[in-house]
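**Student:** What follows is final_3.txt, made up of compact mmCIF, C-alpha atoms:
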```txt
# COMPACT_ATOMS: atom_id res chain seq x y z
CA MET A 27 -6.88 47.37 -26.59
CA HIS A 28 -4.72 49.16 -29.14
CA LYS A 29 -1.65 47.44 -30.46
CA PRO A 30 1.46 49.37 -29.42
CA THR A 31 3.67 50.71 -32.20
CA LEU A 32 7.41 51.25 -32.23
CA SER A 33 8.59 54.82 -32.62
CA ASN A 34 12.19 55.86 -33.07
CA ARG A 35 14.51 58.86 -33.06
CA ILE A 36 16.98 57.62 -35.64
CA ARG A 37 16.53 60.70 -37.83
CA VAL A 38 17.33 62.98 -34.89
CA TYR A 39 20.49 61.06 -34.04
CA ARG A 40 21.56 60.95 -37.67
CA ALA A 41 21.18 64.71 -37.91
CA GLU A 42 23.20 65.22 -34.71
CA HIS A 43 25.98 62.99 -36.07
CA ARG A 44 25.68 64.39 -39.61
CA LEU A 45 25.10 60.96 -41.07
CA SER A 46 23.07 60.09 -44.16
CA GLN A 47 20.92 56.97 -44.20
CA ALA A 48 23.51 55.34 -46.47
CA ASP A 49 26.30 56.16 -44.00
CA LEU A 50 24.41 54.65 -41.08
CA ALA A 51 23.40 51.61 -43.16
CA ALA A 52 27.01 50.93 -44.17
CA ALA A 53 28.22 51.42 -40.59
CA ILE A 54 25.92 48.78 -39.12
CA GLY A 55 25.80 46.43 -42.11
CA VAL A 56 22.24 46.78 -43.44
CA SER A 57 20.81 48.31 -46.60
CA ARG A 58 19.82 51.96 -46.89
CA LYS A 59 16.25 50.92 -47.54
CA THR A 60 16.18 49.04 -44.24
CA ILE A 61 17.23 52.19 -42.37
CA ASN A 62 14.69 54.30 -44.27
CA THR A 63 11.80 51.93 -43.65
CA ILE A 64 12.69 51.69 -39.95
CA GLU A 65 12.78 55.50 -39.71
CA VAL A 66 9.36 55.96 -41.27
CA GLY A 67 7.86 53.15 -39.15
CA ARG A 68 7.19 50.81 -42.04
CA PHE A 69 9.56 48.07 -40.88
CA VAL A 70 10.03 46.88 -37.30
CA PRO A 71 13.72 46.03 -36.94
CA SER A 72 15.07 42.90 -35.31
CA THR A 73 16.57 43.20 -31.84
CA ILE A 74 20.02 42.85 -33.40
CA ILE A 75 19.53 45.81 -35.75
CA ALA A 76 18.06 47.93 -32.93
CA LEU A 77 21.04 47.15 -30.70
CA LEU A 78 23.52 47.84 -33.53
CA ILE A 79 21.97 51.25 -34.15
CA ALA A 80 22.04 52.08 -30.44
CA ARG A 81 25.65 50.92 -30.16
CA HIS A 82 26.64 53.01 -33.16
CA PHE A 83 25.27 56.17 -31.50
CA GLU A 84 26.62 55.05 -28.11
CA VAL A 85 23.29 55.36 -26.31
CA PRO A 86 20.96 52.84 -24.64
CA VAL A 87 18.50 51.31 -27.07
CA GLU A 88 15.58 52.92 -25.20
CA GLU A 89 16.96 56.34 -26.15
CA ILE A 90 16.27 55.55 -29.79
CA PHE A 91 13.34 53.14 -29.73
CA SER A 92 10.19 53.40 -27.62
CA LEU A 93 6.71 51.93 -27.58
CA GLN A 94 3.76 54.18 -28.32
CA ARG A 95 0.15 53.28 -27.55
CA MET B 6 38.80 51.25 -54.88
CA SER B 7 38.13 53.90 -52.25
CA ALA B 8 35.78 53.31 -49.35
CA GLU B 9 33.32 55.84 -50.83
CA ASN B 10 33.12 53.91 -54.08
CA THR B 11 32.75 50.51 -52.40
CA PRO B 12 29.12 49.43 -52.65
CA ASN B 13 27.31 48.51 -49.47
CA VAL B 14 27.02 44.71 -49.74
CA ALA B 15 23.61 44.82 -48.02
CA ASP B 16 22.34 47.19 -50.77
CA VAL B 17 23.73 44.85 -53.43
CA ALA B 18 22.03 41.88 -51.74
CA ASP B 19 18.71 43.78 -51.80
CA SER B 20 19.04 44.52 -55.51
CA HIS B 21 19.91 40.86 -56.17
CA ARG B 22 16.81 39.72 -54.31
CA ARG B 23 14.73 42.06 -56.52
CA ARG B 24 16.41 40.60 -59.59
CA LEU B 25 15.61 37.10 -58.35
CA MET B 26 11.96 38.05 -57.90
CA PHE B 27 11.93 39.51 -61.41
CA ALA B 28 13.15 36.11 -62.67
CA VAL B 29 10.40 34.44 -60.62
CA LEU B 30 7.78 36.63 -62.34
CA LEU B 31 9.19 35.61 -65.73
CA MET B 32 8.99 31.94 -64.65
CA ALA B 33 5.31 32.58 -63.84
CA VAL B 34 4.86 33.96 -67.36
CA ILE B 35 6.45 30.83 -68.84
CA SER B 36 4.25 28.53 -66.74
CA ALA B 37 1.11 30.51 -67.67
CA THR B 38 2.09 30.40 -71.34
CA ARG B 39 2.62 26.64 -71.19
CA ALA B 40 -0.77 26.19 -69.56
CA ALA B 41 -2.35 28.42 -72.22
CA SER B 42 -0.80 26.28 -74.96
CA ASP B 43 -3.00 23.38 -73.79
CA VAL B 44 -6.25 25.31 -74.23
CA LEU B 45 -5.52 27.70 -77.13
CA GLU B 46 -5.58 26.80 -80.79
CA ALA B 47 -2.44 25.78 -82.66
CA GLY B 48 -2.28 29.16 -84.46
CA ALA B 49 -1.46 30.91 -81.18
CA MET B 50 1.61 28.73 -80.60
CA ILE B 51 3.94 31.04 -82.54
CA TYR B 52 3.12 33.91 -80.14
CA LEU B 53 3.33 31.68 -77.09
CA LYS B 54 6.74 30.39 -78.15
CA GLY B 55 7.92 33.98 -78.63
CA ILE B 56 6.72 34.94 -75.14
CA MET B 57 8.46 31.91 -73.63
CA ALA B 58 11.73 32.61 -75.48
CA VAL B 59 11.85 36.27 -74.37
CA SER B 60 11.02 35.27 -70.78
CA ALA B 61 13.71 32.57 -70.78
CA ILE B 62 16.32 35.07 -72.02
CA GLY B 63 15.24 37.47 -69.26
CA ILE B 64 15.61 34.77 -66.60
CA VAL B 65 19.07 33.75 -67.81
CA ALA B 66 20.24 37.39 -67.97
CA ALA B 67 18.90 38.16 -64.46
CA LEU B 68 20.42 35.07 -62.88
CA ALA B 69 23.73 35.16 -64.77
CA THR B 70 24.65 38.64 -63.51
CA LEU B 71 23.65 37.61 -60.02
CA VAL B 72 25.81 34.47 -60.05
CA TYR B 73 28.73 36.35 -61.66
CA TRP B 74 28.69 39.00 -58.92
CA LYS B 75 28.45 36.37 -56.19
CA LEU B 76 31.36 34.35 -57.60
CA PHE B 77 33.74 37.11 -58.70
CA LYS B 78 32.74 40.46 -57.16
CA LEU B 79 31.62 39.64 -53.63
CA PRO B 80 34.30 41.18 -51.37
CA ALA B 81 36.18 38.72 -49.21
CA GLY B 82 34.71 38.35 -45.73
CA GLN B 83 31.37 39.90 -46.74
CA ARG B 84 29.55 36.66 -47.56
CA GLU B 85 27.74 36.56 -44.21
CA LEU B 86 26.51 40.13 -44.71
CA TYR B 87 25.42 39.32 -48.27
CA LEU B 88 23.35 36.37 -47.05
CA SER B 89 22.03 38.09 -43.92
CA PRO B 90 18.27 37.65 -43.51
CA ASP B 91 18.03 40.82 -41.40
CA GLY B 92 16.43 43.64 -43.39
CA PHE B 93 13.35 45.11 -45.02
CA VAL B 94 13.66 43.34 -48.38
CA THR B 95 14.14 39.86 -46.89
CA ASP B 96 11.15 40.54 -44.63
CA ALA B 97 9.09 41.51 -47.71
CA LEU B 98 10.26 38.29 -49.39
CA GLU B 99 9.11 36.20 -46.41
CA ARG B 100 5.72 37.90 -46.37
CA ALA B 101 5.36 37.39 -50.14
CA LYS B 102 6.15 33.67 -49.70
CA ASN B 103 3.43 33.38 -47.04
CA ALA B 104 0.91 35.19 -49.25
CA SER B 105 1.83 33.05 -52.23
CA TRP B 106 1.29 29.82 -50.32
CA LEU B 107 -2.05 31.03 -48.89
CA VAL B 108 -3.45 32.30 -52.22
CA THR B 109 -2.45 29.10 -54.02
CA PHE B 110 -3.95 26.88 -51.33
CA LEU B 111 -7.23 28.85 -51.28
CA LEU B 112 -7.65 28.88 -55.05
CA VAL B 113 -6.81 25.18 -55.39
CA SER B 114 -9.33 24.44 -52.62
CA VAL B 115 -12.01 26.54 -54.36
CA ALA B 116 -11.27 24.80 -57.68
CA ALA B 117 -11.56 21.38 -56.01
CA GLY B 118 -14.88 22.44 -54.45
CA LEU B 119 -16.23 23.63 -57.80
CA ASP B 120 -15.14 20.39 -59.39
CA ARG B 121 -17.23 18.40 -56.91
CA MET B 122 -20.26 20.70 -57.38
CA LEU B 123 -20.33 20.52 -61.17
CA SER B 124 -22.07 17.50 -62.68
CA ARG B 125 -19.52 17.26 -65.48
CA SER B 126 -16.08 18.58 -64.70
CA PRO B 127 -14.70 20.91 -67.40
CA TRP B 128 -11.17 19.92 -66.41
CA VAL B 129 -11.08 16.22 -67.23
CA ASP B 130 -10.05 16.54 -70.88
CA LEU B 131 -6.88 18.47 -70.09
CA PRO B 132 -3.48 16.82 -69.49
CA SER B 133 -2.17 16.73 -65.94
CA VAL B 134 0.80 18.93 -66.89
CA PHE B 135 -1.72 21.73 -67.55
CA TYR B 136 -2.64 21.79 -63.85
CA PHE B 137 0.99 21.77 -62.80
CA ASN B 138 1.72 24.76 -65.05
CA LEU B 139 -1.39 26.60 -63.91
CA ILE B 140 -0.60 26.15 -60.21
CA SER B 141 3.07 27.08 -60.80
CA ALA B 142 2.02 30.25 -62.60
CA LEU B 143 -0.35 31.14 -59.78
CA MET B 144 2.17 30.48 -57.02
CA LEU B 145 5.14 32.19 -58.69
CA GLY B 146 3.03 35.08 -59.99
CA THR B 147 1.61 35.75 -56.53
CA LEU B 148 5.09 35.54 -54.98
CA GLY B 149 6.60 38.07 -57.39
CA SER B 150 3.60 40.42 -57.43
CA VAL B 151 3.22 40.57 -53.65
CA PHE B 152 6.97 41.09 -53.23
CA PHE B 153 7.07 44.05 -55.62
CA PHE B 154 3.91 45.47 -54.03
CA LEU B 155 5.50 45.35 -50.56
CA ASP B 156 8.78 46.71 -51.92
CA ARG B 157 7.10 49.56 -53.83
CA ASP B 158 8.78 52.97 -53.44
CA ALA B 159 9.44 52.42 -49.71
CA GLY B 160 12.77 53.91 -48.89
CA ASN B 161 13.49 55.42 -52.27
CA VAL B 162 13.44 58.98 -50.98
CA GLU B 163 15.65 60.04 -48.12
CA PRO B 164 13.63 62.36 -45.91
CA GLU B 165 14.84 65.43 -44.03
CA TRP B 166 18.57 64.87 -43.68
CA ASP B 167 21.20 64.14 -46.28
CA ALA B 168 24.83 64.48 -45.30
CA SER B 169 25.84 65.05 -48.91
CA ALA B 170 23.61 68.16 -49.14
```
Can you give me the file's structure in the form of structure tokens?

**Tutor:**
Amino acid sequence: MHKPTLSNRIRVYRAEHRLSQADLAAAIGVSRKTINTIEVGRFVPSTIIALLIARHFEVPVEEIFSLQR
Amino acid sequence: MSAENTPNVADVADSHRRRLMFAVLLMAVISATRAASDVLEAGAMIYLKGIMAVSAIGIVAALATLVYWKLFKLPAGQRELYLSPDGFVTDALERAKNASWLVTFLLVSVAAGLDRMLSRSPWVDLPSVFYFNLISALMLGTLGSVFFFLDRDAGNVEPEWDASA
């Protein structure tokens, strides 16, 4: 059985809102590197960070994060 | 100071954690140098003392700027954000701590096993402080090295979209 991985659409939402990684990081109170590593799939964010990102873009968290097998 | 010029406290906290790990690596150098001073000849002491002095200056410089910023520059009401454990760098630090503990435990266990296997232990003539320094160097060196390996170039390049472009 393959371990599921977390994919995200943060880059898409940032582009739609014309936000840089630094802008998004400052808005939700994390470092730019945290946003970058989440985007490229290197770091799995905590539930709190995932919810903060979703709240910032005003969408359900499932719109941004999903499990891939 | 305008909002654009205000540094993101989370970014500052990340850079301070890197600075702390740099100081940890220098502490590993000092411990290794102290251990070496127990097995090397007296003529090497001048070099070892030089290495220890430079490392100590590096540690003081790294920690002094960190403490100064925390005491005098940390914006009011941002302390919780500064100390927040939520982020990539703190995660890398946790993983480095785990690796450091595991590597130290394994190598100490292997050394203890070798000691029992050998008919005459090569270690007995050395002072006990030698072992403390050796284990400290191993533990701190692994902690700093693994941290910088995990933290390597991840996130240094912003892909695809940059609002400033």

**Student:** What lies within 8 Å of Gly55 in chain A using only C-alpha atoms, ignoring chain neighbours under 2 positions off, as a list in words?

**Tutor:**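 Within the cut-off, the hits are Ala51, Ala52, Ala53 and Ser57 of chain A; Asn13, Val14, Ala15 and Leu86 of chain B.
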
**Student:** Could the residues of chain A that have an atom at most 8 Å from chain B be listed as a tab-separated table, each with its closest atom pair and the distance in Å to one decimal, counting all atoms listed in the file and ordered by chain and ascending residue number?

**Tutor:**
```
residue	atom	partner	partner_atom	distance
A:Arg37	CA	B:Trp166	CA	7.5
A:Arg40	CA	B:Trp166	CA	7.8
A:Ala41	CA	B:Trp166	CA	6.3
A:Arg44	CA	B:Ala168	CA	5.8
A:Leu45	CA	B:Ala168	CA	5.5
A:Ser46	CA	B:Ala168	CA	4.9
A:Gln47	CA	B:Glu163	CA	7.3
A:Ala52	CA	B:Asn13	CA	5.8
A:Gly55	CA	B:Ala15	CA	6.5
A:Val56	CA	B:Ala15	CA	5.2
A:Ser57	CA	B:Asp16	CA	4.6
A:Arg58	CA	B:Asp16	CA	6.6
A:Lys59	CA	B:Gly160	CA	4.8
A:Thr60	CA	B:Phe93	CA	4.9
A:Asn62	CA	B:Gly160	CA	5.0
A:Thr63	CA	B:Gly160	CA	5.7
A:Phe69	CA	B:Phe93	CA	6.3
A:Pro71	CA	B:Gly92	CA	7.4
A:Ser72	CA	B:Asp91	CA	7.1
A:Ile75	CA	B:Asp91	CA	7.7
```

**Student:** Applying 10 Å and only C-alpha atoms, which residues near range 83-89 of chain A remain after dropping the ones on its own chain fewer than 6 positions away? List them as a PyMOL selection string.

**Tutor:** chain A and resi 34-36+39-40+42-43+50+73+76-77

**Student:** For a quick check of understanding, using only C-alpha atoms, which of B:Gly48, B:Val134, B:Leu30, B:Glu85 has the smallest distance to Ala61 in chain B?

**Tutor:**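 Going through B:Gly48, B:Val134, B:Leu30, B:Glu85 one by one, the smallest distance to Ala61 in chain B is for B:Leu30.
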
**Student:** Can you measure CA of Val72 in chain B to CA of Leu25 in chain B for me? One decimal in Å is fine.

**Tutor:**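 Taking CA of Val72 in chain B as the start and CA of Leu25 in chain B as the end point, the length is 10.7 Å.
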
**Student:** Measuring between only C-alpha atoms, which one of B:Leu111, B:Met57, B:Ala81, B:Ile51 shows the shortest distance to Ala37 in chain B?

**Tutor:** B:Met57

**Student:** Record the distance separating CA of Tyr73 in chain B and CA of Lys54 in chain B, expressed in Å with one decimal.

**Tutor:**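 CA of Tyr73 in chain B sits 28.1 Å away from CA of Lys54 in chain B.
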
**Student:** Can you work out the spacing between CA of Ala28 in chain B and CA of Trp106 in chain B in Å, to one decimal?

**Tutor:**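 Separation of CA of Ala28 in chain B and CA of Trp106 in chain B: 18.2 Å.
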
**Student:** Please list, as a list in words, the residues that have an atom at most 9 Å away from (-10.9, 18.9, -76.0) in the coordinates of this file, counting all atoms listed in the file.

**Tutor:**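 I get Val44, Asp130 and Leu131 of chain B for the residues within 9 Å of that point.
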